[in-house]
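Below is target.cif, holding mmCIF, C-alpha atoms.
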```
data_data
#
loop_
_atom_site.label_atom_id
_atom_site.label_comp_id
_atom_site.auth_asym_id
_atom_site.auth_seq_id
_atom_site.Cartn_x
_atom_site.Cartn_y
_atom_site.Cartn_z
CA MET A 1 0.00 0.00 0.00
CA MET A 2 1.30 3.45 -0.91
CA ASN A 3 2.56 5.55 1.98
CA LYS A 4 0.49 8.74 1.72
CA LYS A 5 2.10 10.53 4.62
CA ILE A 6 3.67 13.89 3.91
CA ALA A 7 5.54 16.37 6.06
CA VAL A 8 4.64 20.03 5.61
CA LEU A 9 7.52 22.38 6.44
CA PRO A 10 6.42 26.00 5.84
CA GLY A 11 9.63 27.54 7.20
CA ASP A 12 10.41 31.25 7.33
CA GLY A 13 9.47 34.50 5.62
CA ILE A 14 6.82 34.04 2.94
CA GLY A 15 6.95 30.25 3.38
CA PRO A 16 3.82 29.95 5.55
CA GLU A 17 1.83 32.31 3.29
CA VAL A 18 2.47 30.45 0.07
CA MET A 19 2.22 27.05 1.77
CA THR A 20 -1.30 27.90 2.89
CA GLN A 21 -2.35 28.32 -0.74
CA ALA A 22 -0.69 25.06 -1.81
CA LEU A 23 -2.51 23.15 0.94
CA ARG A 24 -5.82 24.65 -0.18
CA VAL A 25 -5.11 23.26 -3.63
CA LEU A 26 -4.16 19.87 -2.18
CA ASN A 27 -7.44 19.71 -0.25
CA VAL A 28 -9.40 20.17 -3.48
CA ILE A 29 -7.29 17.56 -5.29
CA GLU A 30 -7.92 15.08 -2.48
CA ASN A 31 -11.66 15.56 -2.84
CA GLU A 32 -11.61 15.48 -6.66
CA PHE A 33 -9.55 12.28 -6.88
CA GLY A 34 -10.78 10.48 -3.79
CA ILE A 35 -7.36 10.31 -2.15
CA LYS A 36 -6.24 11.34 1.31
CA PHE A 37 -2.83 12.43 2.55
CA GLU A 38 -1.87 12.31 6.19
CA LYS A 39 -0.16 15.67 6.74
CA GLN A 40 2.09 16.63 9.63
CA THR A 41 3.32 20.19 9.92
CA CYS A 42 6.83 20.60 11.33
CA LEU A 43 9.26 23.35 12.28
CA ILE A 44 12.26 23.97 10.03
CA GLY A 45 14.76 26.78 9.53
CA GLY A 46 14.93 30.01 11.51
CA VAL A 47 11.60 29.57 13.26
CA ALA A 48 12.75 26.12 14.39
CA TYR A 49 15.97 27.61 15.78
CA ASP A 50 13.99 30.24 17.68
CA GLU A 51 11.77 27.59 19.29
CA THR A 52 14.15 24.68 19.79
CA GLY A 53 17.70 25.98 19.42
CA HIS A 54 18.30 24.09 16.17
CA PRO A 55 17.07 24.71 12.60
CA PHE A 56 16.45 20.98 12.01
CA PRO A 57 14.98 19.68 15.29
CA GLU A 58 14.92 16.03 16.27
CA GLU A 59 11.11 15.98 16.22
CA THR A 60 11.11 17.18 12.61
CA LYS A 61 13.65 14.49 11.68
CA LYS A 62 11.46 11.79 13.27
CA ILE A 63 8.41 12.91 11.32
CA CYS A 64 10.31 13.22 8.02
CA ASP A 65 11.74 9.73 8.53
CA GLU A 66 8.22 8.29 8.41
CA VAL A 67 6.77 10.10 5.40
CA ALA A 68 6.97 9.57 1.65
CA ALA A 69 7.54 13.21 0.72
CA VAL A 70 8.19 16.65 2.15
CA LEU A 71 6.38 19.77 0.97
CA PHE A 72 8.84 22.50 1.83
CA GLY A 73 8.43 26.28 1.97
CA SER A 74 11.39 28.62 2.33
CA ILE A 75 13.94 29.18 5.08
CA GLY A 76 16.48 31.72 6.21
CA GLY A 77 16.79 35.46 6.47
CA PRO A 78 19.00 38.20 7.91
CA LYS A 79 17.79 37.46 11.45
CA TRP A 80 19.77 34.20 11.49
CA ALA A 81 22.66 35.09 9.17
CA ASP A 82 25.20 35.64 11.97
CA LEU A 83 24.65 32.32 13.74
CA PRO A 84 27.44 29.72 13.68
CA SER A 85 27.36 28.08 10.25
CA GLU A 86 26.04 24.76 11.58
CA LEU A 87 23.03 26.57 13.06
CA THR A 88 22.06 28.73 10.10
CA PRO A 89 18.89 27.59 8.33
CA GLU A 90 20.75 26.67 5.15
CA GLN A 91 23.79 24.89 6.62
CA GLY A 92 21.98 23.46 9.64
CA ALA A 93 18.71 22.39 8.03
CA LEU A 94 18.43 22.38 4.25
CA LEU A 95 21.75 20.75 3.37
CA PRO A 96 21.46 18.08 6.13
CA LEU A 97 17.89 17.35 5.03
CA ARG A 98 19.06 16.70 1.47
CA LYS A 99 21.92 14.53 2.71
CA ARG A 100 19.83 12.57 5.24
CA TYR A 101 17.41 11.34 2.59
CA GLY A 102 19.85 10.98 -0.31
CA LEU A 103 18.11 13.62 -2.42
CA PHE A 104 20.73 13.59 -5.13
CA ALA A 105 18.60 14.73 -8.10
CA ASN A 106 17.20 18.24 -8.19
CA LEU A 107 14.74 18.92 -11.01
CA ARG A 108 13.87 22.52 -11.85
CA PRO A 109 11.40 23.05 -14.69
CA VAL A 110 11.83 26.44 -16.36
CA ILE A 111 8.63 27.18 -18.26
CA VAL A 112 7.45 30.44 -19.78
CA TYR A 113 3.68 30.33 -19.61
CA ASP A 114 1.65 31.98 -22.35
CA GLY A 115 1.12 35.58 -21.31
CA LEU A 116 4.33 35.87 -19.29
CA GLU A 117 6.69 36.49 -22.19
CA ASN A 118 6.87 40.16 -21.23
CA ALA A 119 7.66 39.48 -17.56
CA SER A 120 11.30 38.73 -18.38
CA SER A 121 13.88 41.29 -19.42
CA LEU A 122 14.54 39.31 -22.61
CA LYS A 123 12.63 39.93 -25.81
CA PRO A 124 9.39 37.90 -25.95
CA GLU A 125 10.36 36.14 -29.20
CA PHE A 126 13.22 34.43 -27.37
CA LEU A 127 10.89 33.09 -24.69
CA LYS A 128 7.53 32.09 -26.15
CA GLY A 129 6.99 28.37 -25.62
CA LEU A 130 10.22 27.96 -23.63
CA SER A 131 10.48 24.74 -21.60
CA ILE A 132 13.79 23.72 -20.03
CA LEU A 133 14.50 21.21 -17.29
CA VAL A 134 17.60 21.74 -15.16
CA VAL A 135 18.84 18.48 -13.61
CA ARG A 136 21.22 19.35 -10.79
CA GLU A 137 23.33 16.97 -8.72
CA LEU A 138 22.42 17.88 -5.15
CA THR A 139 24.37 15.93 -2.53
CA GLY A 140 27.97 16.09 -3.74
CA GLY A 141 30.50 18.62 -4.92
CA ILE A 142 31.78 21.72 -3.20
CA TYR A 143 28.79 22.20 -0.89
CA PHE A 144 29.40 18.95 0.96
CA ALA A 145 33.02 17.87 0.52
CA GLU A 146 35.56 18.19 3.31
CA PRO A 147 37.73 19.85 4.43
CA LYS A 148 36.14 23.24 4.85
CA SER A 149 37.85 25.85 6.98
CA ILE A 150 38.62 29.48 7.65
CA ASP A 151 41.97 30.25 9.24
CA GLY A 152 42.64 33.93 9.56
CA ASN A 153 42.74 35.38 6.06
CA THR A 154 42.64 31.99 4.32
CA ALA A 155 39.54 29.93 3.58
CA VAL A 156 39.30 26.44 2.09
CA ASP A 157 36.42 24.70 0.34
CA THR A 158 36.86 21.30 -1.27
CA MET A 159 35.19 20.01 -4.43
CA THR A 160 34.92 16.23 -4.75
CA TYR A 161 32.93 13.99 -7.08
CA SER A 162 32.98 10.22 -7.38
CA GLN A 163 32.21 8.16 -10.44
CA SER A 164 29.04 6.74 -8.89
CA GLU A 165 27.70 10.21 -8.01
CA ILE A 166 28.17 11.41 -11.57
CA GLU A 167 26.77 8.24 -13.11
CA ARG A 168 23.50 8.29 -11.20
CA ILE A 169 22.68 11.93 -11.94
CA ALA A 170 23.67 11.47 -15.59
CA HIS A 171 21.33 8.48 -15.93
CA CYS A 172 18.58 10.58 -14.39
CA ALA A 173 19.09 13.37 -16.94
CA PHE A 174 19.19 11.01 -19.94
CA GLN A 175 16.13 9.08 -18.81
CA ILE A 176 14.19 12.33 -18.47
CA ALA A 177 15.46 13.51 -21.86
CA MET A 178 14.07 10.33 -23.46
CA LYS A 179 10.59 11.54 -22.40
CA ARG A 180 11.17 15.09 -23.66
CA ASN A 181 13.04 16.28 -26.76
CA LYS A 182 16.00 13.87 -26.43
CA LYS A 183 18.65 16.51 -25.92
CA VAL A 184 21.06 16.87 -22.99
CA VAL A 185 23.61 19.65 -22.52
CA SER A 186 26.10 18.80 -19.77
CA ILE A 187 27.73 21.72 -17.95
CA ASP A 188 31.27 21.69 -16.59
CA LYS A 189 34.55 23.59 -16.36
CA ALA A 190 36.73 20.81 -17.69
CA ASN A 191 39.41 23.20 -18.90
CA VAL A 192 40.46 24.02 -15.32
CA LEU A 193 38.77 21.70 -12.79
CA MET A 194 39.71 18.06 -12.21
CA CYS A 195 36.18 17.27 -11.02
CA SER A 196 34.86 18.62 -14.30
CA LYS A 197 37.30 16.55 -16.34
CA LEU A 198 35.96 13.43 -14.62
CA TRP A 199 32.39 14.72 -15.02
CA ARG A 200 32.75 15.23 -18.78
CA ASP A 201 34.41 11.83 -19.27
CA ILE A 202 31.74 9.91 -17.36
CA VAL A 203 28.79 11.80 -18.87
CA GLY A 204 30.22 11.06 -22.31
CA LYS A 205 30.32 7.34 -21.51
CA ILE A 206 26.78 7.34 -20.11
CA ALA A 207 25.60 9.12 -23.26
CA ASN A 208 26.63 6.06 -25.29
CA GLU A 209 23.94 4.08 -23.47
CA TYR A 210 21.28 6.48 -24.82
CA PRO A 211 22.00 6.66 -28.57
CA GLU A 212 18.68 8.41 -29.27
CA VAL A 213 19.65 11.37 -27.08
CA GLU A 214 21.84 14.14 -28.46
CA CYS A 215 24.51 14.96 -25.88
CA SER A 216 26.76 18.02 -25.89
CA HIS A 217 29.02 19.75 -23.37
CA LEU A 218 29.39 23.43 -22.44
CA TYR A 219 31.70 25.23 -20.08
CA VAL A 220 29.63 26.87 -17.36
CA ASP A 221 30.61 30.43 -18.32
CA ASN A 222 29.53 29.82 -21.93
CA ALA A 223 26.33 28.16 -20.71
CA ALA A 224 25.48 31.23 -18.64
CA MET A 225 25.86 33.38 -21.74
CA GLN A 226 23.89 30.99 -23.97
CA LEU A 227 20.95 30.94 -21.55
CA VAL A 228 20.36 34.64 -22.15
CA ARG A 229 21.46 34.65 -25.80
CA ASP A 230 19.31 31.77 -27.08
CA PRO A 231 17.51 29.90 -24.28
CA LYS A 232 15.37 27.78 -26.60
CA GLN A 233 18.44 25.84 -27.74
CA PHE A 234 18.25 23.95 -24.41
CA ASP A 235 16.02 21.06 -23.36
CA VAL A 236 17.63 19.17 -20.44
CA ILE A 237 20.58 20.85 -18.72
CA LEU A 238 22.74 18.53 -16.60
CA CYS A 239 24.78 20.28 -13.88
CA SER A 240 26.92 19.64 -10.85
CA ASN A 241 25.74 21.04 -7.53
CA MET A 242 27.24 24.54 -7.59
CA PHE A 243 26.84 25.12 -11.33
CA GLY A 244 23.23 23.97 -11.17
CA ASP A 245 22.55 26.29 -8.24
CA ILE A 246 23.75 29.29 -10.24
CA LEU A 247 22.34 28.43 -13.67
CA SER A 248 18.89 27.44 -12.41
CA ASP A 249 18.48 30.83 -10.75
CA GLU A 250 19.59 32.52 -13.95
CA ALA A 251 17.11 30.39 -15.87
CA ALA A 252 14.40 31.37 -13.40
CA GLN A 253 14.64 34.95 -14.58
CA LEU A 254 13.66 33.78 -18.05
CA THR A 255 10.24 33.07 -16.56
CA GLY A 256 10.08 36.59 -15.16
CA SER A 257 10.26 35.68 -11.47
CA LEU A 258 11.61 33.11 -9.04
CA GLY A 259 8.01 33.00 -7.86
CA MET A 260 7.19 30.90 -10.94
CA LEU A 261 9.89 28.24 -10.44
CA PRO A 262 9.11 25.00 -8.58
CA SER A 263 11.66 22.31 -7.83
CA ALA A 264 11.83 18.66 -6.87
CA SER A 265 14.71 17.05 -4.97
CA ILE A 266 14.46 13.30 -5.30
CA ASN A 267 16.09 10.11 -4.17
CA GLY A 268 15.85 8.15 -7.40
CA GLU A 269 16.03 4.82 -5.56
CA THR A 270 13.24 5.38 -2.99
CA ASN A 271 11.14 8.09 -4.72
CA PHE A 272 11.30 10.08 -1.50
CA GLY A 273 11.24 13.72 -2.49
CA LEU A 274 11.41 17.24 -1.16
CA TYR A 275 9.38 19.77 -3.10
CA GLU A 276 9.99 23.49 -2.76
CA PRO A 277 9.87 26.81 -4.60
CA ALA A 278 13.24 27.79 -6.02
CA GLY A 279 12.99 31.32 -4.58
CA GLY A 280 13.98 32.30 -1.07
CA SER A 281 12.08 33.35 2.02
CA ALA A 282 11.83 36.99 0.84
CA PRO A 283 11.67 38.48 4.35
CA ASP A 284 11.25 41.97 2.88
CA ILE A 285 7.73 41.11 1.69
CA ALA A 286 6.77 38.55 4.35
CA GLY A 287 3.41 39.28 5.95
CA LYS A 288 2.34 41.75 3.27
CA GLY A 289 0.16 39.30 1.38
CA ILE A 290 1.82 39.97 -1.97
CA ALA A 291 4.04 36.89 -2.41
CA ASN A 292 3.53 34.74 -5.49
CA PRO A 293 2.24 31.29 -4.41
CA LEU A 294 2.45 29.69 -7.85
CA ALA A 295 5.90 28.13 -7.42
CA GLN A 296 4.72 26.49 -4.20
CA ILE A 297 1.55 25.26 -5.89
CA LEU A 298 3.55 23.94 -8.85
CA SER A 299 5.92 22.21 -6.41
CA LEU A 300 2.88 20.40 -5.04
CA ALA A 301 2.15 19.18 -8.58
CA LEU A 302 5.70 17.83 -8.83
CA MET A 303 5.21 15.98 -5.53
CA LEU A 304 2.09 14.28 -6.84
CA ARG A 305 3.92 13.32 -10.04
CA TYR A 306 7.26 12.06 -8.76
CA SER A 307 6.61 10.68 -5.27
CA PHE A 308 3.03 9.41 -5.72
CA ASN A 309 2.73 8.74 -9.47
CA LEU A 310 -0.47 10.83 -9.61
CA GLU A 311 0.16 12.26 -13.05
CA GLU A 312 -3.44 13.21 -13.77
CA ALA A 313 -3.70 15.20 -10.55
CA ALA A 314 -0.39 16.94 -11.27
CA VAL A 315 -1.58 17.95 -14.74
CA VAL A 316 -4.84 19.33 -13.31
CA ILE A 317 -2.86 21.66 -11.04
CA GLU A 318 -0.45 22.74 -13.79
CA THR A 319 -3.33 23.38 -16.18
CA ALA A 320 -5.11 25.51 -13.56
CA VAL A 321 -1.98 27.63 -13.16
CA LYS A 322 -1.65 28.04 -16.94
CA LYS A 323 -5.29 29.14 -17.20
CA THR A 324 -4.87 31.62 -14.36
CA ILE A 325 -1.87 33.22 -16.05
CA ALA A 326 -3.56 33.17 -19.47
CA ASP A 327 -6.52 35.04 -17.96
CA GLY A 328 -4.26 37.97 -17.09
CA LEU A 329 -4.12 37.43 -13.33
CA ARG A 330 -0.85 38.36 -11.66
CA THR A 331 0.92 38.89 -8.37
CA ALA A 332 3.18 41.92 -8.05
CA ASP A 333 6.37 40.15 -9.15
CA ILE A 334 4.95 39.25 -12.58
CA MET A 335 2.62 42.22 -13.07
CA SER A 336 2.41 43.82 -16.51
CA ASP A 337 0.18 46.32 -18.31
CA GLY A 338 -3.37 45.16 -18.96
CA CYS A 339 -3.33 42.53 -16.19
CA ARG A 340 -5.05 42.45 -12.80
CA GLN A 341 -2.85 42.39 -9.72
CA LEU A 342 -3.81 39.98 -6.94
CA THR A 343 -2.78 39.26 -3.39
CA THR A 344 -1.32 35.91 -2.39
CA GLN A 345 -4.70 34.61 -1.24
CA GLN A 346 -6.53 35.97 -4.26
CA MET A 347 -4.11 34.14 -6.55
CA GLY A 348 -4.83 30.98 -4.60
CA ASP A 349 -8.56 31.64 -5.01
CA GLU A 350 -8.20 31.97 -8.78
CA VAL A 351 -6.21 28.75 -9.13
CA LEU A 352 -8.84 26.93 -7.06
CA LYS A 353 -11.58 28.13 -9.44
CA ARG A 354 -9.75 26.52 -12.35
CA LEU A 355 -9.12 23.10 -10.79
CA ASN A 356 -11.42 21.15 -13.08
#
```

Could I get this structure in the form of structure tokens?
Amino acid sequence: MMNKKIAVLPGDGIGPEVMTQALRVLNVIENEFGIKFEKQTCLIGGVAYDETGHPFPEETKKICDEVAAVLFGSIGGPKWADLPSELTPEQGALLPLRKRYGLFANLRPVIVYDGLENASSLKPEFLKGLSILVVRELTGGIYFAEPKSIDGNTAVDTMTYSQSEIERIAHCAFQIAMKRNKKVVSIDKANVLMCSKLWRDIVGKIANEYPEVECSHLYVDNAAMQLVRDPKQFDVILCSNMFGDILSDEAAQLTGSLGMLPSASINGETNFGLYEPAGGSAPDIAGKGIANPLAQILSLALMLRYSFNLEEAAVVIETAVKKTIADGLRTADIMSDGCRQLTTQQMGDEVLKRLN
């Protein structure tokens, strides 16, 4: 029997506001499809530190250990920036959460919905119909490898990748590409980094196992330029941890706002996943009721698709979002002339109306 337990971790800043709208959508989906999720809400991030003294409390770990997926909001903010690194929301909660559950594959769809072509700073003709998927390795590389240290005026970070880490994320990218347009661009810096030399060699070998997929390689600096020069040349972008972090945020701006970018972090062996908006906690707008909830709602759709194999339900949510955008309804971050600006809750209301 499928484990339909999920942990809900709203987090900090705008996290609780946008999570509320996603849970409203989930309630409708449960009724429409006759399914029921057991939901447990937990503390994570800065609010968890304030209450328990740690951003990833033991109680939250126990609950997450028993669920099939985590619906995650946003964490962090200036209030907690000066804590010891192991107690900051990012270093003390998000990275350990990814490591604890082996969430090695981060999937970030970058889609320009009809009507949002003018929300980006690029010319609309470069964006209409754009659909890219960034596949980012998430548990290796420079963010996790040791040693790390600061000694006076000298700091050290270590970048390490093993063959098995590269192989499993490469297989993930090629398998996804087989269901899309059969094109993978692998990103590295093989001209100067040993990790990238190994990355390029192994990705090239894995590519031979997928002869139907066109595989090419780009240095990360060139890739950054190409994303703004001609984004529609890309289909699946395969990246290491740090490069994927940077390029996926750049790609997000093609959609006009980080508020439109969902993400899925998945253990490809267990289907356990963490689903979160790609944007941050935005403490400057928290509590004002103007945050865009669409990335959180779209992250919910990814959870239904990847952890619970509920493709039809996922498509219903994504279609409702597309219709809402097509009808000229906007939050402040994606507002343009001729559209109607909504609050966070109003945007949730409009998506709910279109869930059919």

With 8 Å as the cut-off and all atoms listed in the file counted, what is the closest atom pair between each nearby residue of stretch 172-277 of chain A and stretch 95-107 of chain A? Distances in Å to one decimal, ordered by chain and number, as JSON lines.
```
{"residue": "A:Cys172", "atom": "CA", "partner": "A:Ala105", "partner_atom": "CA", "distance": 7.5}
{"residue": "A:Ser263", "atom": "CA", "partner": "A:Leu107", "partner_atom": "CA", "distance": 5.6}
{"residue": "A:Ala264", "atom": "CA", "partner": "A:Leu107", "partner_atom": "CA", "distance": 5.1}
{"residue": "A:Ser265", "atom": "CA", "partner": "A:Asn106", "partner_atom": "CA", "distance": 4.2}
{"residue": "A:Ile266", "atom": "CA", "partner": "A:Leu103", "partner_atom": "CA", "distance": 4.7}
{"residue": "A:Asn267", "atom": "CA", "partner": "A:Leu103", "partner_atom": "CA", "distance": 4.4}
{"residue": "A:Gly268", "atom": "CA", "partner": "A:Ala105", "partner_atom": "CA", "distance": 7.2}
{"residue": "A:Phe272", "atom": "CA", "partner": "A:Tyr101", "partner_atom": "CA", "distance": 7.5}
{"residue": "A:Gly273", "atom": "CA", "partner": "A:Leu103", "partner_atom": "CA", "distance": 6.9}
{"residue": "A:Leu274", "atom": "CA", "partner": "A:Leu103", "partner_atom": "CA", "distance": 7.7}
```

Residues near A:Val156, anyone? I mean within 12 Å using all atoms listed in the file, not counting same-chain ones fewer than 4 positions away, as a PDB file with C-alpha atoms, in the frame of the given file.
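Final output, saved to selection_20.pdb:
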```pdb
ATOM      1  CA  ILE A 142      31.780  21.720  -3.200  1.00  0.00           C
ATOM      2  CA  TYR A 143      28.790  22.200  -0.890  1.00  0.00           C
ATOM      3  CA  ALA A 145      33.020  17.870   0.520  1.00  0.00           C
ATOM      4  CA  GLU A 146      35.560  18.190   3.310  1.00  0.00           C
ATOM      5  CA  PRO A 147      37.730  19.850   4.430  1.00  0.00           C
ATOM      6  CA  LYS A 148      36.140  23.240   4.850  1.00  0.00           C
ATOM      7  CA  SER A 149      37.850  25.850   6.980  1.00  0.00           C
ATOM      8  CA  ILE A 150      38.620  29.480   7.650  1.00  0.00           C
ATOM      9  CA  ASP A 151      41.970  30.250   9.240  1.00  0.00           C
ATOM     10  CA  GLY A 152      42.640  33.930   9.560  1.00  0.00           C
TER      11      GLY A 152
END
```

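Note that atom CA of A:Cys239 and atom CA of A:Leu218 are 10.2 Å apart.
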
Nearest to A:Pro124 by atom-to-atom distance, counting all atoms listed in the file, from A:Pro78, A:Pro109, A:Gly256, A:Pro84 | A:Gly256

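Going from atom CA of A:Met260 to atom CA of A:Val8 covers 20.0 Å.
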
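Of the listed residues A:Trp80, A:Tyr49, A:Tyr306, A:Tyr113, the one whose atoms come nearest to A:Lys322 is A:Tyr113, with distances taken using only C-alpha atoms.
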
Could you check which of A:Pro277, A:Pro293, A:Pro10, A:Gly34 is closest to A:Asp333, using all atoms listed in the file?
-> A:Pro293

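Between atom CA of A:Thr158 and atom CA of A:Ala251 the interatomic distance comes to 26.2 Å.
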
Using only C-alpha atoms, determine which residues lie at most 12 Å from A:Leu254, disregarding the query and same-chain residues fewer than 6 positions distant; provide the list as a ChimeraX atom specification.
-> /A:109-113,116-132,227-232,247-248,260-261,334

Polymer residues at most 6 Å from stretch 11-27 of chain A, all atoms listed in the file, same-chain spacing of 3 or more positions, as a list in words = Glu30, Ile44, Gly45, Gly73, Ser74, Ile75, Ser281, Ala282, Pro283, Ala286, Pro293, Ile297 and Gly348 of chain A

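Distance check against A:Leu342 using all atoms listed in the file: of A:Leu71, A:Ile290, A:Val213, A:Ala155, the minimum falls on A:Ile290.
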
For the file shown, report as an mmCIF file with C-alpha atoms, in the coordinates of the input the outcome of the PyMOL selection byres ((chain A and resi 173) around 12) at residue level.
```
data_model
loop_
_atom_site.group_PDB
_atom_site.id
_atom_site.type_symbol
_atom_site.label_atom_id
_atom_site.label_comp_id
_atom_site.auth_asym_id
_atom_site.auth_seq_id
_atom_site.Cartn_x
_atom_site.Cartn_y
_atom_site.Cartn_z
ATOM 1 C CA PHE A 104 20.730 13.590 -5.130
ATOM 2 C CA ALA A 105 18.600 14.730 -8.100
ATOM 3 C CA ASN A 106 17.200 18.240 -8.190
ATOM 4 C CA LEU A 107 14.740 18.920 -11.010
ATOM 5 C CA ARG A 108 13.870 22.520 -11.850
ATOM 6 C CA LEU A 133 14.500 21.210 -17.290
ATOM 7 C CA VAL A 134 17.600 21.740 -15.160
ATOM 8 C CA VAL A 135 18.840 18.480 -13.610
ATOM 9 C CA ARG A 136 21.220 19.350 -10.790
ATOM 10 C CA GLU A 137 23.330 16.970 -8.720
ATOM 11 C CA ILE A 166 28.170 11.410 -11.570
ATOM 12 C CA GLU A 167 26.770 8.240 -13.110
ATOM 13 C CA ARG A 168 23.500 8.290 -11.200
ATOM 14 C CA ILE A 169 22.680 11.930 -11.940
ATOM 15 C CA ALA A 170 23.670 11.470 -15.590
ATOM 16 C CA HIS A 171 21.330 8.480 -15.930
ATOM 17 C CA CYS A 172 18.580 10.580 -14.390
ATOM 18 C CA PHE A 174 19.190 11.010 -19.940
ATOM 19 C CA GLN A 175 16.130 9.080 -18.810
ATOM 20 C CA ILE A 176 14.190 12.330 -18.470
ATOM 21 C CA ALA A 177 15.460 13.510 -21.860
ATOM 22 C CA MET A 178 14.070 10.330 -23.460
ATOM 23 C CA LYS A 179 10.590 11.540 -22.400
ATOM 24 C CA ARG A 180 11.170 15.090 -23.660
ATOM 25 C CA ASN A 181 13.040 16.280 -26.760
ATOM 26 C CA LYS A 182 16.000 13.870 -26.430
ATOM 27 C CA LYS A 183 18.650 16.510 -25.920
ATOM 28 C CA VAL A 184 21.060 16.870 -22.990
ATOM 29 C CA VAL A 185 23.610 19.650 -22.520
ATOM 30 C CA SER A 186 26.100 18.800 -19.770
ATOM 31 C CA VAL A 203 28.790 11.800 -18.870
ATOM 32 C CA ILE A 206 26.780 7.340 -20.110
ATOM 33 C CA ALA A 207 25.600 9.120 -23.260
ATOM 34 C CA TYR A 210 21.280 6.480 -24.820
ATOM 35 C CA VAL A 213 19.650 11.370 -27.080
ATOM 36 C CA GLU A 214 21.840 14.140 -28.460
ATOM 37 C CA CYS A 215 24.510 14.960 -25.880
ATOM 38 C CA ASP A 235 16.020 21.060 -23.360
ATOM 39 C CA VAL A 236 17.630 19.170 -20.440
ATOM 40 C CA ILE A 237 20.580 20.850 -18.720
ATOM 41 C CA LEU A 238 22.740 18.530 -16.600
ATOM 42 C CA CYS A 239 24.780 20.280 -13.880
ATOM 43 C CA SER A 240 26.920 19.640 -10.850
ATOM 44 C CA GLY A 268 15.850 8.150 -7.400
#
```

So which residues touch A:Gly53 within 10 Å, counting all atoms listed in the file, skipping near sequence neighbours fewer than 6 positions away, as a compact mmCIF listing (two decimals) with C-alpha atoms, in the frame of the given file?
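Okay, part_33.txt is ready:
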```txt
# COMPACT_ATOMS: atom_id res chain seq x y z
CA GLY A 46 14.93 30.01 11.51
CA VAL A 47 11.60 29.57 13.26
CA LEU A 87 23.03 26.57 13.06
```

Spatial sel., origin (-4.8, 30.3, -8.1), limit 9 Å, all atoms listed in the file, listed as a VMD selection string = chain A and resid 21 25 293 to 294 297 320 to 321 324 to 325 329 344 to 355

Check the smallest atom-to-atom distance from each of A:Phe56, A:Asp65, A:Thr270, A:Ser196 to A:Glu90 using all atoms listed in the file, then report the winner.
-> A:Phe56

Chain and number of each residue from the PyMOL selection byres ((chain A and resi 66-70) around 8), as a ChimeraX atom specification = /A:3-9,62-65,71-72,271-275,303,307

Build an axis-aligned box that encloses every atom of stretch 47-50 of chain A listed in the file, pad it by 5 Å on each side, and report its centre and edge lengths in Å to one decimal, as AutoDock Vina command-line options.
```
--center_x 13.8 --center_y 28.2 --center_z 15.5 --size_x 14.4 --size_y 14.1 --size_z 14.4
```
